[in-house]
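Shown next: entry-v2.txt, given as compact mmCIF, C-alpha atoms and all ligand atoms.
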```txt
# COMPACT_ATOMS: atom_id res chain seq x y z
CA MET H 1 15.99 -18.64 17.06
CA SER H 2 12.21 -18.37 16.75
CA GLU H 3 9.74 -20.11 19.06
CA HIS H 4 8.80 -22.59 16.34
CA THR H 5 12.33 -23.72 15.59
CA GLU H 6 12.92 -24.10 19.33
CA ASP H 7 9.84 -26.31 19.68
CA GLN H 8 10.94 -28.30 16.67
CA SER H 9 14.47 -28.88 17.95
CA ARG H 10 13.06 -29.93 21.35
CA LEU H 11 10.79 -32.43 19.60
CA GLN H 12 13.71 -33.63 17.50
CA GLU H 13 15.79 -34.09 20.65
CA SER H 14 13.14 -36.18 22.46
CA LEU H 15 12.62 -38.28 19.33
CA GLU H 16 16.34 -38.95 19.17
CA ILE H 17 16.41 -40.04 22.84
CA GLN H 18 13.50 -42.42 22.24
CA ARG H 19 15.16 -43.74 19.11
CA ALA H 20 18.39 -44.43 21.02
CA LYS H 21 16.41 -46.31 23.71
CA MET H 22 14.69 -48.43 21.08
CA LEU H 23 17.98 -49.26 19.35
CA GLU H 24 19.53 -50.21 22.69
CA SER H 25 16.59 -52.53 23.50
CA ILE H 26 16.88 -54.14 20.08
CA ARG H 27 20.61 -54.64 20.57
CA LEU H 28 20.16 -56.17 24.05
CA GLY H 29 17.21 -58.31 22.93
CA ARG H 30 19.31 -59.81 20.15
CA ILE H 31 21.94 -60.83 22.71
CA LEU H 32 19.59 -62.03 25.49
CA PHE H 33 17.25 -64.00 23.23
CA LYS H 34 19.75 -65.19 20.65
CA ASP H 35 18.53 -68.79 21.12
CA ASP H 36 14.81 -67.93 20.95
CA PRO H 37 13.71 -67.53 17.32
CA LYS H 38 10.19 -66.45 18.38
CA VAL H 39 11.46 -63.49 20.39
CA LEU H 40 14.04 -62.68 17.73
CA ARG H 41 11.25 -62.42 15.15
CA LYS H 42 9.33 -60.05 17.42
CA ILE H 43 12.44 -57.90 17.77
CA GLN H 44 12.76 -57.82 13.99
CA TYR H 45 9.15 -56.60 13.70
CA ARG H 46 9.78 -53.83 16.23
CA GLU H 47 12.78 -52.78 14.19
CA LEU H 48 10.74 -52.69 10.99
CA ASP H 49 7.99 -50.69 12.73
CA MET H 50 10.60 -48.20 13.81
CA ILE H 51 11.97 -47.79 10.29
CA ILE H 52 8.46 -47.34 8.87
CA LEU H 53 7.56 -44.73 11.50
CA GLU H 54 10.81 -42.85 11.04
CA ASN H 55 10.30 -42.68 7.29
CA ALA H 56 6.74 -41.50 7.79
CA TYR H 57 7.90 -38.81 10.19
CA ALA H 58 10.63 -37.65 7.79
CA ARG H 59 8.02 -37.34 5.02
CA LEU H 60 5.66 -35.46 7.30
CA ARG H 61 8.43 -33.09 8.32
CA ASN H 62 9.61 -32.43 4.77
CA ARG H 63 6.20 -32.10 3.17
CA PHE H 64 4.18 -30.36 5.85
CA ILE H 65 5.99 -29.28 9.00
CA ASN H 66 8.98 -27.51 7.38
CA PRO H 67 6.92 -25.64 4.75
CA MET H 68 4.43 -24.60 7.44
CA LEU H 69 7.20 -23.30 9.69
CA ALA H 70 8.76 -21.42 6.76
CA TRP H 71 5.37 -19.87 5.99
CA ALA H 72 4.87 -18.85 9.64
CA GLU H 73 8.31 -17.24 9.61
CA ARG H 74 7.51 -15.27 6.42
CA VAL H 75 4.27 -13.98 7.97
CA ARG H 76 6.09 -12.96 11.14
CA ALA H 77 8.88 -11.15 9.22
CA LYS H 78 6.36 -9.40 6.96
CA ASN H 79 4.40 -8.18 9.97
CA GLU H 80 7.55 -6.98 11.69
CA ALA H 81 8.54 -4.98 8.59
CA TYR H 82 5.02 -3.51 8.42
CA ILE H 83 5.11 -2.44 12.11
CA LYS H 84 8.50 -0.84 11.47
CA ARG H 85 7.16 1.14 8.47
CA VAL H 86 4.02 2.26 10.31
CA SER H 87 6.00 3.34 13.38
CA SER H 88 8.12 5.73 11.31
CA ILE H 89 5.09 7.64 10.03
CA PRO H 90 4.17 10.91 11.76
CA ARG H 91 0.77 10.96 13.45
CA ASN H 92 -0.48 13.87 11.38
CA ALA H 93 0.31 12.13 8.08
CA THR H 94 -2.45 11.72 5.54
CA ILE H 95 -3.06 8.10 4.66
CA ARG H 96 -4.11 7.37 1.11
CA LYS H 97 -5.33 4.17 -0.44
CA GLU H 98 -3.94 3.91 -3.99
CA TYR H 99 -4.29 1.64 -6.96
CA ILE H 100 -1.32 1.22 -9.26
CA ARG H 101 -1.63 0.58 -12.98
CA CYS H 102 -0.17 -2.81 -13.82
CA LYS H 103 3.14 -2.70 -15.71
CA LYS H 104 3.80 -6.42 -15.85
CA THR H 105 3.82 -7.92 -19.32
CA SER H 106 2.86 -11.25 -17.78
CA CYS H 107 -0.39 -9.72 -16.54
CA SER H 108 -3.05 -9.56 -19.20
CA GLY H 109 -5.22 -6.55 -19.94
CA ASP H 110 -5.48 -3.07 -18.55
CA HIS H 111 -6.00 -3.32 -14.81
CA LYS H 112 -4.79 -1.94 -11.52
CA HIS H 113 -3.16 -3.53 -8.49
CA GLY H 114 -3.94 -2.63 -4.92
CA PRO H 115 -5.04 -1.16 -2.71
CA TYR H 116 -1.68 -0.04 -1.37
CA TYR H 117 -1.51 2.39 1.52
CA TYR H 118 0.79 5.41 1.44
CA ALA H 119 1.50 8.10 4.00
CA TYR H 120 1.96 11.73 2.98
CA TRP H 121 3.21 14.47 5.23
CA LYS H 122 5.11 17.72 5.11
CA ASP H 123 8.62 17.49 6.48
CA PRO H 124 8.79 20.16 9.24
CA THR H 125 12.39 21.15 8.43
CA THR H 126 12.56 20.99 4.63
CA LYS H 127 8.83 21.86 4.17
CA ARG H 128 8.72 19.31 1.39
CA LEU H 129 6.06 16.69 0.89
CA LYS H 130 7.15 13.22 1.93
CA LYS H 131 5.65 9.98 0.77
CA LYS H 132 6.10 6.56 2.33
CA TYR H 133 4.78 3.17 1.38
CA ILE H 134 2.94 1.43 4.25
CA GLY H 135 1.67 -1.83 2.84
CA THR H 136 -1.41 -3.61 1.62
CA ARG H 137 -3.15 -2.87 4.91
CA TYR H 138 -3.15 -0.06 7.39
CA GLU H 139 -3.99 -0.01 11.09
CA ARG H 140 -2.59 2.66 13.28
CA THR H 141 -1.82 0.26 16.12
CA GLU H 142 -1.15 1.34 19.68
CA LYS H 143 2.31 -0.21 19.44
CA ALA H 144 3.13 1.72 16.30
CA LYS H 145 1.86 4.95 17.87
CA CYS H 146 4.03 4.45 20.95
CA GLU H 147 7.09 3.64 18.87
CA TYR H 148 6.61 6.78 16.83
CA GLU H 149 6.25 8.93 19.94
CA ASN H 150 9.43 7.37 21.33
CA ASN H 151 11.37 8.01 18.14
CA LYS H 152 10.21 11.61 18.04
CA SER H 153 11.35 12.37 21.59
CA LYS H 154 14.87 11.03 20.94
ZN ZN H 201 -1.24 -7.13 -13.09
```

Have the structure of the file written as structure tokens, please.
Amino acid sequence: MSEHTEDQSRLQESLEIQRAKMLESIRLGRILFKDDPKVLRKIQYRELDMIILENAYARLRNRFINPMLAWAERVRAKNEAYIKRVSSIPRNATIRKEYIRCKKTSCSGDHKHGPYYYAYWKDPTTKRLKKKYIGTRYERTEKAKCEYENNKSK
């Protein structure tokens, strides 16, 4: 479970506790003040306020919070995949920035996509040239360097 979903479920939990407290107060109020129409009306207003707020929160969650959390998760997963690719590239690899001719029929005209980064290196055992896709960016991060060194010594 990611940090965001944890935060969200904690928020959901506290909202549910508060909701239960409100419902209990409404229930008790209806019993205690059953002969006082003025108080009963106030209780009814509180109940309506609660419904309005809950609906507003549900809309907020569906339209903004959930899509934002999904987006954050996609960014995190994409970055994790990138780190994994970079960490499997030998240090002596040559990094090339390439542009690829567009093959999509939906794309109009003669143009190129990119830049995309690729790593090229000679495999020490087979002596053959190896090519690996890195991504749309390239930073040889300290973390990636360490991970590569660790993999190599295994
Ligand atoms: Zn295109």

Inset, instruction - Using only C-alpha atoms, determine which residues lie at most 12 Å from Tyr120 in chain H, disregarding the query and same-chain residues fewer than 2 positions distant; provide the list as a PyMOL selection string. - result: chain H and resi 88-97+117-118+122-123+128-134

Can you write just those residues out, C-alpha atoms, as a PDB file, keeping the file's coordinate frame?
```pdb
ATOM      1  CA  SER H  88       8.120   5.730  11.310  1.00  0.00           C
ATOM      2  CA  ILE H  89       5.090   7.640  10.030  1.00  0.00           C
ATOM      3  CA  PRO H  90       4.170  10.910  11.760  1.00  0.00           C
ATOM      4  CA  ARG H  91       0.770  10.960  13.450  1.00  0.00           C
ATOM      5  CA  ASN H  92      -0.480  13.870  11.380  1.00  0.00           C
ATOM      6  CA  ALA H  93       0.310  12.130   8.080  1.00  0.00           C
ATOM      7  CA  THR H  94      -2.450  11.720   5.540  1.00  0.00           C
ATOM      8  CA  ILE H  95      -3.060   8.100   4.660  1.00  0.00           C
ATOM      9  CA  ARG H  96      -4.110   7.370   1.110  1.00  0.00           C
ATOM     10  CA  LYS H  97      -5.330   4.170  -0.440  1.00  0.00           C
ATOM     11  CA  TYR H 117      -1.510   2.390   1.520  1.00  0.00           C
ATOM     12  CA  TYR H 118       0.790   5.410   1.440  1.00  0.00           C
ATOM     13  CA  LYS H 122       5.110  17.720   5.110  1.00  0.00           C
ATOM     14  CA  ASP H 123       8.620  17.490   6.480  1.00  0.00           C
ATOM     15  CA  ARG H 128       8.720  19.310   1.390  1.00  0.00           C
ATOM     16  CA  LEU H 129       6.060  16.690   0.890  1.00  0.00           C
ATOM     17  CA  LYS H 130       7.150  13.220   1.930  1.00  0.00           C
ATOM     18  CA  LYS H 131       5.650   9.980   0.770  1.00  0.00           C
ATOM     19  CA  LYS H 132       6.100   6.560   2.330  1.00  0.00           C
ATOM     20  CA  TYR H 133       4.780   3.170   1.380  1.00  0.00           C
ATOM     21  CA  ILE H 134       2.940   1.430   4.250  1.00  0.00           C
TER      22      ILE H 134
END
```

Legend entry - ligand ZN 201 (chain H) neighbours within 9 Å using all atoms listed in the file, as an MDAnalysis selection string: chainID H and resid 101:113

Legend entry - Residue among H:Thr126, H:Thr136, H:Thr5, H:Gln12 lying closest to Leu69 in chain H, counting all atoms listed in the file: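 The closest residue to Leu69 in chain H is H:Thr5.
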
Using all atoms listed in the file, find each residue in range 15-95 of chain H having at least one atom no more than 10 Å away from range 6-9 of chain H; report its shortest atom-to-atom pair and that distance in Å (one decimal), rows by chain then rising number, as CSV.
```
residue,atom,partner,partner_atom,distance
H:Leu15,CA,H:Ser9,CA,9.7
H:Arg61,CA,H:Gln8,CA,9.9
H:Ile65,CA,H:Gln8,CA,9.2
H:Asn66,CA,H:Gln8,CA,9.5
H:Leu69,CA,H:Gln8,CA,9.4
```

Inset, instruction - Kindly give the distance, in Å, that separates CA of Ala70 in chain H and CA of Arg10 in chain H, rounded to a single decimal. - result: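 Computing it gives 17.4 Å between the two atoms.
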
Legend entry - Spatial neighbours of Gln18 in chain H, 12 Å, all atoms listed in the file, chain gap at least 6 places, as a list in words: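 Residues near the query, excluding close chain neighbours: Leu11, Gln12, Glu24, Ser25, Met50 and Glu54 of chain H.
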
How would the residues just picked look written out with C-alpha atoms as a PDB file, keeping the file's coordinate frame?
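The result, written out as again_37.pdb:
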```pdb
ATOM      1  CA  LEU H  11      10.790 -32.430  19.600  1.00  0.00           C
ATOM      2  CA  GLN H  12      13.710 -33.630  17.500  1.00  0.00           C
ATOM      3  CA  GLU H  24      19.530 -50.210  22.690  1.00  0.00           C
ATOM      4  CA  SER H  25      16.590 -52.530  23.500  1.00  0.00           C
ATOM      5  CA  MET H  50      10.600 -48.200  13.810  1.00  0.00           C
ATOM      6  CA  GLU H  54      10.810 -42.850  11.040  1.00  0.00           C
TER       7      GLU H  54
END
```

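Residue nearest Ile43 in chain H within the list H:Tyr82, H:Asn55, H:Trp71, H:Arg30: H:Arg30 [criterion: smallest interatomic distance, all atoms listed in the file].
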
Inset, instruction - May I have the protein, DNA and RNA residues with any atom at most 8 Å from the point (-5.8, -2.1, -5.9), counting all atoms listed in the file, written as a list in words? - result: Glu98, Tyr99, Ile100, Lys112, His113, Gly114, Pro115 and Tyr116 of chain H

Can I get the selection written as a PDB file, keeping the file's coordinate frame, with C-alpha atoms?
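File written: part23.pdb
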```pdb
ATOM      1  CA  GLU H  98      -3.940   3.910  -3.990  1.00  0.00           C
ATOM      2  CA  TYR H  99      -4.290   1.640  -6.960  1.00  0.00           C
ATOM      3  CA  ILE H 100      -1.320   1.220  -9.260  1.00  0.00           C
ATOM      4  CA  LYS H 112      -4.790  -1.940 -11.520  1.00  0.00           C
ATOM      5  CA  HIS H 113      -3.160  -3.530  -8.490  1.00  0.00           C
ATOM      6  CA  GLY H 114      -3.940  -2.630  -4.920  1.00  0.00           C
ATOM      7  CA  PRO H 115      -5.040  -1.160  -2.710  1.00  0.00           C
ATOM      8  CA  TYR H 116      -1.680  -0.040  -1.370  1.00  0.00           C
TER       9      TYR H 116
END
```

Inset, instruction - Would you list the contacts of range 77-80 of chain H as a list of chain:residue names, taking every protein, DNA or RNA residue within 12 Å and counting all atoms listed in the file, but skipping same-chain residues closer than 4 positions in sequence? - result: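 The residues that qualify are H:Ser2, H:Ala70, H:Trp71, H:Ala72, H:Glu73, H:Lys84, H:Arg85, H:Val86, H:Ser87, H:Ile134, H:Gly135, H:Thr136, H:Arg137, H:Tyr138, H:Glu139, H:Lys143, H:Ala144.
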
Inset, instruction - Could you give me, as a PyMOL selection string, the residues within 12 Å of Arg46 in chain H, counting all atoms listed in the file and dropping anything in the same chain fewer than 3 positions from it? - result: chain H and resi 19+22-23+25-27+29-30+39-43+49-53

Inset, instruction - Counting only C-alpha atoms, figure out which residue out of H:Arg76, H:Trp121, H:Ala56, H:Ile83 gets nearest to Arg140 in chain H. - result: H:Ile83

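Taking CA of Leu48 in chain H and CA of Phe33 in chain H as the two end points, the separation is 17.9 Å.
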
Inset, instruction - Enter the distance from CA of Arg59 in chain H to CA of Ile17 in chain H, in Å, rounded to one decimal. - result: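 CA of Ile17 in chain H lies 19.9 Å from CA of Arg59 in chain H.
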
Box along x, y and z, 8 Å on every side, all listed atoms of range 79-84 of chain H inside: centre and edge lengths in Å to one decimal, as AutoDock Vina command-line options.
```
--center_x 6.5 --center_y -4.5 --center_z 10.3 --size_x 20.1 --size_y 23.3 --size_z 19.7
```

How would range 70-93 of chain H look with N, CA and C atoms restored, written as an mmCIF file, in the frame of the given file?
```
data_model
loop_
_atom_site.group_PDB
_atom_site.id
_atom_site.type_symbol
_atom_site.label_atom_id
_atom_site.label_comp_id
_atom_site.auth_asym_id
_atom_site.auth_seq_id
_atom_site.Cartn_x
_atom_site.Cartn_y
_atom_site.Cartn_z
ATOM 1 N N ALA H 70 8.192 -22.456 7.641
ATOM 2 C CA ALA H 70 8.760 -21.420 6.760
ATOM 3 C C ALA H 70 7.701 -20.351 6.473
ATOM 4 N N TRP H 71 6.468 -20.796 6.243
ATOM 5 C CA TRP H 71 5.370 -19.870 5.990
ATOM 6 C C TRP H 71 5.126 -18.978 7.208
ATOM 7 N N ALA H 72 5.089 -19.600 8.393
ATOM 8 C CA ALA H 72 4.870 -18.850 9.640
ATOM 9 C C ALA H 72 5.956 -17.802 9.830
ATOM 10 N N GLU H 73 7.178 -18.151 9.466
ATOM 11 C CA GLU H 73 8.310 -17.240 9.610
ATOM 12 C C GLU H 73 8.171 -16.062 8.625
ATOM 13 N N ARG H 74 7.713 -16.344 7.403
ATOM 14 C CA ARG H 74 7.510 -15.270 6.420
ATOM 15 C C ARG H 74 6.441 -14.296 6.893
ATOM 16 N N VAL H 75 5.350 -14.826 7.456
ATOM 17 C CA VAL H 75 4.270 -13.980 7.970
ATOM 18 C C VAL H 75 4.786 -13.096 9.097
ATOM 19 N N ARG H 76 5.559 -13.692 9.994
ATOM 20 C CA ARG H 76 6.090 -12.960 11.140
ATOM 21 C C ARG H 76 7.021 -11.825 10.675
ATOM 22 N N ALA H 77 7.926 -12.137 9.732
ATOM 23 C CA ALA H 77 8.880 -11.150 9.220
ATOM 24 C C ALA H 77 8.169 -10.018 8.489
ATOM 25 N N LYS H 78 7.130 -10.384 7.722
ATOM 26 C CA LYS H 78 6.360 -9.400 6.960
ATOM 27 C C LYS H 78 5.655 -8.435 7.920
ATOM 28 N N ASN H 79 5.089 -9.004 8.984
ATOM 29 C CA ASN H 79 4.400 -8.180 9.970
ATOM 30 C C ASN H 79 5.366 -7.269 10.711
ATOM 31 N N GLU H 80 6.541 -7.768 11.000
ATOM 32 C CA GLU H 80 7.550 -6.980 11.690
ATOM 33 C C GLU H 80 7.969 -5.784 10.830
ATOM 34 N N ALA H 81 8.155 -6.041 9.523
ATOM 35 C CA ALA H 81 8.540 -4.980 8.590
ATOM 36 C C ALA H 81 7.418 -3.936 8.490
ATOM 37 N N TYR H 82 6.179 -4.404 8.485
ATOM 38 C CA TYR H 82 5.020 -3.510 8.420
ATOM 39 C C TYR H 82 4.968 -2.595 9.644
ATOM 40 N N ILE H 83 5.127 -3.198 10.848
ATOM 41 C CA ILE H 83 5.110 -2.440 12.110
ATOM 42 C C ILE H 83 6.211 -1.367 12.086
ATOM 43 N N LYS H 84 7.370 -1.748 11.552
ATOM 44 C CA LYS H 84 8.500 -0.840 11.470
ATOM 45 C C LYS H 84 8.174 0.350 10.561
ATOM 46 N N ARG H 85 7.533 0.059 9.417
ATOM 47 C CA ARG H 85 7.160 1.140 8.470
ATOM 48 C C ARG H 85 6.134 2.066 9.107
ATOM 49 N N VAL H 86 5.095 1.458 9.716
ATOM 50 C CA VAL H 86 4.020 2.260 10.310
ATOM 51 C C VAL H 86 4.568 3.142 11.438
ATOM 52 N N SER H 87 5.503 2.592 12.224
ATOM 53 C CA SER H 87 6.000 3.340 13.380
ATOM 54 C C SER H 87 6.867 4.528 12.993
ATOM 55 N N SER H 88 7.291 4.595 11.728
ATOM 56 C CA SER H 88 8.120 5.730 11.310
ATOM 57 C C SER H 88 7.289 6.825 10.631
ATOM 58 N N ILE H 89 5.963 6.650 10.668
ATOM 59 C CA ILE H 89 5.090 7.640 10.030
ATOM 60 C C ILE H 89 4.572 8.630 11.072
ATOM 61 N N PRO H 90 4.682 9.933 10.799
ATOM 62 C CA PRO H 90 4.170 10.910 11.760
ATOM 63 C C PRO H 90 2.659 10.773 11.951
ATOM 64 N N ARG H 91 2.209 11.118 13.119
ATOM 65 C CA ARG H 91 0.770 10.960 13.450
ATOM 66 C C ARG H 91 -0.133 11.807 12.574
ATOM 67 N N ASN H 92 0.365 12.963 12.175
ATOM 68 C CA ASN H 92 -0.480 13.870 11.380
ATOM 69 C C ASN H 92 -0.451 13.548 9.885
ATOM 70 N N ALA H 93 0.219 12.485 9.512
ATOM 71 C CA ALA H 93 0.310 12.130 8.080
ATOM 72 C C ALA H 93 -1.066 11.800 7.516
#
```
